[in-house]
file run_35.pdb (PDB, C-alpha atoms)
MODEL        1
ATOM      1  CA  MET A   1      40.412   5.207 -48.217
ATOM      2  CA  ALA A   2      38.754   2.295 -49.942
ATOM      3  CA  ALA A   3      40.930   0.525 -52.450
ATOM      4  CA  PRO A   4      39.602  -0.147 -55.951
ATOM      5  CA  ASP A   5      38.677  -3.701 -54.938
ATOM      6  CA  GLY A   6      36.598  -2.437 -51.984
ATOM      7  CA  THR A   7      39.086  -3.275 -49.258
ATOM      8  CA  LEU A   8      39.975  -0.724 -46.619
ATOM      9  CA  ASN A   9      43.283   0.267 -45.090
ATOM     10  CA  CYS A  10      43.159  -1.196 -41.588
ATOM     11  CA  GLU A  11      46.451   0.288 -40.434
ATOM     12  CA  ASP A  12      45.258   3.865 -39.990
ATOM     13  CA  PHE A  13      41.999   4.006 -38.027
ATOM     14  CA  SER A  14      41.022   7.466 -39.295
ATOM     15  CA  MET A  15      41.513   6.305 -42.885
ATOM     16  CA  PHE A  16      39.462   3.202 -42.104
ATOM     17  CA  GLN A  17      36.632   5.387 -40.792
ATOM     18  CA  GLU A  18      36.833   7.648 -43.850
ATOM     19  CA  GLY A  19      36.649   4.606 -46.114
ATOM     20  CA  LEU A  20      33.542   3.374 -44.302
ATOM     21  CA  LYS A  21      32.010   6.822 -44.658
ATOM     22  CA  VAL A  22      32.515   6.643 -48.423
ATOM     23  CA  MET A  23      31.022   3.159 -48.484
ATOM     24  CA  ARG A  24      27.929   4.451 -46.625
ATOM     25  CA  THR A  25      27.056   6.931 -49.376
ATOM     26  CA  ILE A  26      24.278   4.757 -50.782
ATOM     27  CA  ASP A  27      22.716   4.432 -47.313
ATOM     28  CA  ASP A  28      22.917   8.163 -46.717
ATOM     29  CA  ARG A  29      21.167   8.877 -50.011
ATOM     30  CA  ILE A  30      18.444   6.243 -49.772
ATOM     31  CA  VAL A  31      15.559   8.714 -49.781
ATOM     32  CA  HIS A  32      16.851  10.291 -52.978
ATOM     33  CA  ALA A  33      17.414   6.841 -54.482
ATOM     34  CA  LEU A  34      13.844   5.804 -53.656
ATOM     35  CA  ASN A  35      12.424   9.032 -55.056
ATOM     36  CA  THR A  36      14.264   8.535 -58.339
ATOM     37  CA  THR A  37      13.667   4.778 -58.525
ATOM     38  CA  VAL A  38       9.951   4.484 -57.774
ATOM     39  CA  PRO A  39       8.043   6.061 -60.660
ATOM     40  CA  THR A  40       5.299   8.594 -60.154
ATOM     41  CA  VAL A  41       1.857   7.940 -61.622
ATOM     42  CA  SER A  42       2.715   9.816 -64.815
ATOM     43  CA  PHE A  43       5.812   7.668 -65.415
ATOM     44  CA  SER A  44       4.466   4.348 -64.166
ATOM     45  CA  GLY A  45       3.807   3.066 -67.689
ATOM     46  CA  LYS A  46       7.282   3.988 -68.919
ATOM     47  CA  VAL A  47       9.342   2.412 -66.118
ATOM     48  CA  ASP A  48       9.302  -1.118 -64.742
ATOM     49  CA  ALA A  49       8.969  -0.295 -61.026
ATOM     50  CA  THR A  50       9.557  -3.887 -59.960
ATOM     51  CA  GLN A  51      12.805  -4.117 -61.885
ATOM     52  CA  THR A  52      14.124  -0.736 -60.739
ATOM     53  CA  CYS A  53      13.285  -1.523 -57.103
ATOM     54  CA  LYS A  54      14.973  -4.905 -57.466
ATOM     55  CA  GLU A  55      18.102  -3.209 -58.847
ATOM     56  CA  LEU A  56      18.100  -0.703 -55.970
ATOM     57  CA  TYR A  57      17.734  -3.538 -53.459
ATOM     58  CA  GLU A  58      20.584  -5.477 -55.072
ATOM     59  CA  SER A  59      22.875  -2.442 -55.022
ATOM     60  CA  LEU A  60      22.049  -1.866 -51.335
ATOM     61  CA  MET A  61      22.757  -5.496 -50.489
ATOM     62  CA  LYS A  62      26.018  -5.405 -52.431
ATOM     63  CA  ALA A  63      27.103  -2.255 -50.566
ATOM     64  CA  HIS A  64      26.157  -3.746 -47.180
ATOM     65  CA  LEU A  65      27.971  -7.012 -47.883
ATOM     66  CA  SER A  66      31.051  -5.173 -49.101
ATOM     67  CA  ARG A  67      31.128  -2.974 -46.005
ATOM     68  CA  ASP A  68      30.526  -5.953 -43.703
ATOM     69  CA  LYS A  69      33.322  -7.899 -45.386
ATOM     70  CA  ALA A  70      35.736  -4.961 -45.033
ATOM     71  CA  ILE A  71      34.910  -4.487 -41.350
ATOM     72  CA  LYS A  72      35.284  -8.185 -40.548
ATOM     73  CA  ALA A  73      38.560  -8.391 -42.488
ATOM     74  CA  CYS A  74      40.023  -5.465 -40.539
ATOM     75  CA  ILE A  75      38.859  -6.884 -37.220
ATOM     76  CA  ALA A  76      40.451 -10.225 -38.095
ATOM     77  CA  GLN A  77      43.668  -8.527 -39.196
ATOM     78  CA  LYS A  78      43.909  -6.416 -36.043
ATOM     79  CA  SER A  79      42.988  -9.400 -33.855
ATOM     80  CA  ASP A  80      45.910 -11.316 -35.358
ATOM     81  CA  VAL A  81      48.222  -8.393 -34.584
ATOM     82  CA  VAL A  82      46.928  -8.298 -30.974
ATOM     83  CA  ALA A  83      47.462 -12.044 -30.589
ATOM     84  CA  LYS A  84      51.031 -11.735 -31.879
ATOM     85  CA  LEU A  85      51.756  -8.810 -29.535
ATOM     86  CA  ARG A  86      50.300 -10.720 -26.574
ATOM     87  CA  GLU A  87      52.588 -13.605 -27.361
ATOM     88  CA  GLU A  88      55.569 -11.250 -27.562
ATOM     89  CA  ARG A  89      54.537  -9.625 -24.275
ATOM     90  CA  GLY A  90      54.478 -13.061 -22.672
ATOM     91  CA  ASN A  91      58.121 -13.454 -23.643
ATOM     92  CA  ASP A  92      59.125  -9.895 -22.691
ATOM     93  CA  SER A  93      56.663  -8.537 -20.095
ATOM     94  CA  GLU A  94      58.918  -5.580 -19.157
ATOM     95  CA  ASN A  95      59.068  -4.051 -22.657
ATOM     96  CA  LEU A  96      57.097  -0.779 -22.315
ATOM     97  CA  LYS A  97      57.144  -0.044 -26.041
ATOM     98  CA  LEU A  98      55.582  -3.439 -26.705
ATOM     99  CA  ILE A  99      52.951  -2.928 -23.987
ATOM    100  CA  LYS A 100      52.001   0.481 -25.439
ATOM    101  CA  GLN A 101      51.719  -0.985 -28.932
ATOM    102  CA  LEU A 102      49.538  -3.816 -27.603
ATOM    103  CA  ARG A 103      47.192  -1.351 -25.873
ATOM    104  CA  LYS A 104      46.962   0.744 -29.040
ATOM    105  CA  GLU A 105      46.066  -2.279 -31.159
ATOM    106  CA  GLN A 106      43.548  -3.524 -28.583
ATOM    107  CA  THR A 107      41.875  -0.104 -28.639
ATOM    108  CA  ASN A 108      41.646  -0.242 -32.438
ATOM    109  CA  VAL A 109      40.023  -3.685 -32.330
ATOM    110  CA  SER A 110      37.467  -2.626 -29.714
ATOM    111  CA  GLU A 111      36.592   0.551 -31.697
ATOM    112  CA  LYS A 112      35.998  -1.439 -34.870
ATOM    113  CA  SER A 113      33.921  -4.209 -33.348
TER     114      SER A 113
ENDMDL
END
call {"tool": "encode", "arguments": {"input": "run_35.pdb", "output": "C-alpha cells"}}
result
Amino acid sequence: MAAPDGTLNCEDFSMFQEGLKVMRTIDDRIVHALNTTVPTVSFSGKVDATQTCKELYESLMKAHLSRDKAIKACIAQKSDVVAKLREERGNDSENLKLIKQLRKEQTNVSEKS
C-alpha cells in the first residue's frame, strides 16, 4: 500500500499494484470531479470556475507526478537488485537459487516498466 509520504512498497508486486490502484482514484473519478467542479449556469455567479478548474488541474498533476515518481523509484530499486544479482551470478553461475531469484526480479522489473 502507499505509505503516508506517497511512496510504494516495491518488494511485493501485488502490494505495489494495489498502491498504484489507490493512487489512480482521482483519474478514475475524473468525470465526477469535472461535474462537481465546473459550475452549472445557475451557480456560475457563485463559483469561480477558472479557479476551481485550476485547482482540479493542479491536483491531477500532483497525483500524476506522485505516481510517476513512485513507479520510477521502484523500477530503479528493482534494477539495482537485478544488477547486484547479475554480479553475484557472474561469480557463482551454478547457484540455482540465485538464478531463480534473478529471474524473479527481472520479471518484476519488466512488469513495472
call {"tool": "residues_around", "arguments": {"input": "run_35.pdb", "residues": "segment 55-58 of chain A", "least_positions_apart": "6", "cutoff": "9 Å", "atoms": "all atoms listed in the file", "output": "PyMOL selection string"}}
result
chain A and resi 33-34+37
call {"tool": "write_last_selection", "arguments": {"input": "run_35.pdb", "atoms": "C-alpha atoms", "output": "PDB file, keeping the file's coordinate frame"}}
result
ATOM      1  CA  ALA A  33      17.414   6.841 -54.482  1.00  0.00           C
ATOM      2  CA  LEU A  34      13.844   5.804 -53.656  1.00  0.00           C
ATOM      3  CA  THR A  37      13.667   4.778 -58.525  1.00  0.00           C
TER       4      THR A  37
END
call {"tool": "resolve_selection", "arguments": {"input": "run_35.pdb", "expression": "the PyMOL selection byres ((chain A and resi 60) around 12)", "output": "VMD selection string"}}
result
chain A and resid 23 to 30 33 to 34 53 to 59 61 to 67
call {"tool": "atom_distance", "arguments": {"input": "run_35.pdb", "atom1": "atom CA of Ala73 of chain A", "atom2": "atom CA of Asn91 of chain A"}}
result
27.6 Å
call {"tool": "closest_atom_pairs", "arguments": {"input": "run_35.pdb", "of": "segment 64-95 of chain A", "to": "segment 103-112 of chain A", "cutoff": "8 Å", "atoms": "only C-alpha atoms", "output": "JSON lines"}}
result
{"residue": "A:Ile71", "atom": "CA", "partner": "A:Lys112", "partner_atom": "CA", "distance": 7.2}
{"residue": "A:Ile75", "atom": "CA", "partner": "A:Val109", "partner_atom": "CA", "distance": 6.0}
{"residue": "A:Lys78", "atom": "CA", "partner": "A:Val109", "partner_atom": "CA", "distance": 6.0}
{"residue": "A:Ser79", "atom": "CA", "partner": "A:Val109", "partner_atom": "CA", "distance": 6.6}
{"residue": "A:Val81", "atom": "CA", "partner": "A:Glu105", "partner_atom": "CA", "distance": 7.3}
{"residue": "A:Val82", "atom": "CA", "partner": "A:Glu105", "partner_atom": "CA", "distance": 6.1}
call {"tool": "atom_distance", "arguments": {"input": "run_35.pdb", "atom1": "atom CA of Leu20 of chain A", "atom2": "atom CA of Leu98 of chain A"}}
result
29.0 Å
call {"tool": "atom_distance", "arguments": {"input": "run_35.pdb", "atom1": "atom CA of Phe16 of chain A", "atom2": "atom CA of Ala70 of chain A"}}
result
9.4 Å
call {"tool": "closest_residue", "arguments": {"input": "run_35.pdb", "among": "A:Leu102, A:Gln77, A:Leu85, A:Asp92", "to": "Cys10 of chain A", "atoms": "all atoms listed in the file"}}
result
A:Gln77
call {"tool": "axis_aligned_box", "arguments": {"input": "run_35.pdb", "around": "segment 79-91 of chain A", "padding_each_side": "3 Å", "output": "AutoDock Vina command-line options"}}
result
--center_x 50.6 --center_y -11.0 --center_z -29.0 --size_x 21.1 --size_y 11.3 --size_z 18.7
call {"tool": "build_atoms", "arguments": {"input": "run_35.pdb", "residues": "segment 22-33 of chain A", "atoms": "all heavy atoms", "output": "short mmCIF file (atom, residue, chain, number, x, y, z; two decimals), keeping the file's coordinate frame"}}
result
data_model
loop_
_atom_site.label_atom_id
_atom_site.label_comp_id
_atom_site.auth_asym_id
_atom_site.auth_seq_id
_atom_site.Cartn_x
_atom_site.Cartn_y
_atom_site.Cartn_z
N VAL A 22 32.71 6.66 -46.98
CA VAL A 22 32.52 6.64 -48.42
C VAL A 22 31.61 5.48 -48.82
O VAL A 22 30.71 5.63 -49.65
CB VAL A 22 33.88 6.55 -49.15
CG1 VAL A 22 33.70 6.28 -50.63
CG2 VAL A 22 34.67 7.83 -48.93
N MET A 23 31.82 4.34 -48.17
CA MET A 23 31.02 3.16 -48.48
C MET A 23 29.57 3.31 -48.04
O MET A 23 28.69 2.60 -48.53
CB MET A 23 31.65 1.92 -47.84
CG MET A 23 32.99 1.55 -48.42
SD MET A 23 33.78 0.20 -47.55
CE MET A 23 33.04 -1.20 -48.39
N ARG A 24 29.30 4.22 -47.12
CA ARG A 24 27.93 4.45 -46.62
C ARG A 24 27.13 5.40 -47.51
O ARG A 24 25.96 5.65 -47.25
CB ARG A 24 27.98 5.06 -45.22
CG ARG A 24 28.18 4.09 -44.11
CD ARG A 24 28.05 4.81 -42.77
NE ARG A 24 26.97 5.78 -42.74
CZ ARG A 24 25.73 5.51 -42.33
NH1 ARG A 24 25.43 4.32 -41.91
NH2 ARG A 24 24.82 6.45 -42.32
N THR A 25 27.72 5.93 -48.55
CA THR A 25 27.06 6.93 -49.38
C THR A 25 25.68 6.48 -49.85
O THR A 25 24.72 7.24 -49.80
CB THR A 25 27.95 7.29 -50.58
OG1 THR A 25 29.20 7.74 -50.10
CG2 THR A 25 27.31 8.37 -51.44
N ILE A 26 25.57 5.24 -50.29
CA ILE A 26 24.28 4.76 -50.78
C ILE A 26 23.23 4.75 -49.67
O ILE A 26 22.07 5.06 -49.89
CB ILE A 26 24.40 3.37 -51.46
CG1 ILE A 26 23.11 3.06 -52.23
CG2 ILE A 26 24.73 2.30 -50.45
CD1 ILE A 26 23.24 1.88 -53.17
N ASP A 27 23.65 4.41 -48.44
CA ASP A 27 22.72 4.43 -47.31
C ASP A 27 22.27 5.86 -47.01
O ASP A 27 21.10 6.10 -46.71
CB ASP A 27 23.36 3.84 -46.06
CG ASP A 27 23.66 2.36 -46.20
OD1 ASP A 27 22.97 1.70 -46.99
OD2 ASP A 27 24.58 1.89 -45.53
N ASP A 28 23.22 6.77 -47.05
CA ASP A 28 22.92 8.16 -46.72
C ASP A 28 22.00 8.82 -47.75
O ASP A 28 21.31 9.78 -47.44
CB ASP A 28 24.21 8.97 -46.59
CG ASP A 28 25.07 8.50 -45.43
OD1 ASP A 28 24.53 7.83 -44.51
OD2 ASP A 28 26.27 8.79 -45.44
N ARG A 29 21.98 8.28 -48.94
CA ARG A 29 21.17 8.88 -50.01
C ARG A 29 19.97 8.01 -50.39
O ARG A 29 19.46 8.10 -51.50
CB ARG A 29 22.05 9.11 -51.23
CG ARG A 29 23.14 10.12 -50.94
CD ARG A 29 23.94 10.43 -52.16
NE ARG A 29 24.98 11.41 -51.81
CZ ARG A 29 26.07 11.58 -52.48
NH1 ARG A 29 26.29 10.86 -53.57
NH2 ARG A 29 26.96 12.48 -52.12
N ILE A 30 19.52 7.19 -49.46
CA ILE A 30 18.44 6.24 -49.77
C ILE A 30 17.13 6.94 -50.13
O ILE A 30 16.43 6.50 -51.04
CB ILE A 30 18.24 5.21 -48.63
CG1 ILE A 30 17.29 4.09 -49.06
CG2 ILE A 30 17.75 5.87 -47.37
CD1 ILE A 30 17.81 3.24 -50.16
N VAL A 31 16.81 8.02 -49.47
CA VAL A 31 15.56 8.71 -49.78
C VAL A 31 15.60 9.22 -51.22
O VAL A 31 14.64 9.04 -51.98
CB VAL A 31 15.31 9.87 -48.78
CG1 VAL A 31 14.13 10.71 -49.22
CG2 VAL A 31 15.08 9.31 -47.38
N HIS A 32 16.71 9.82 -51.59
CA HIS A 32 16.85 10.29 -52.98
C HIS A 32 16.77 9.11 -53.95
O HIS A 32 16.10 9.20 -54.99
CB HIS A 32 18.18 11.04 -53.15
CG HIS A 32 18.46 11.42 -54.57
ND1 HIS A 32 17.78 12.42 -55.21
CD2 HIS A 32 19.33 10.90 -55.47
CE1 HIS A 32 18.21 12.52 -56.45
NE2 HIS A 32 19.17 11.61 -56.63
N ALA A 33 17.43 8.02 -53.62
CA ALA A 33 17.41 6.84 -54.48
C ALA A 33 15.99 6.30 -54.64
O ALA A 33 15.58 5.95 -55.75
CB ALA A 33 18.33 5.76 -53.93
#
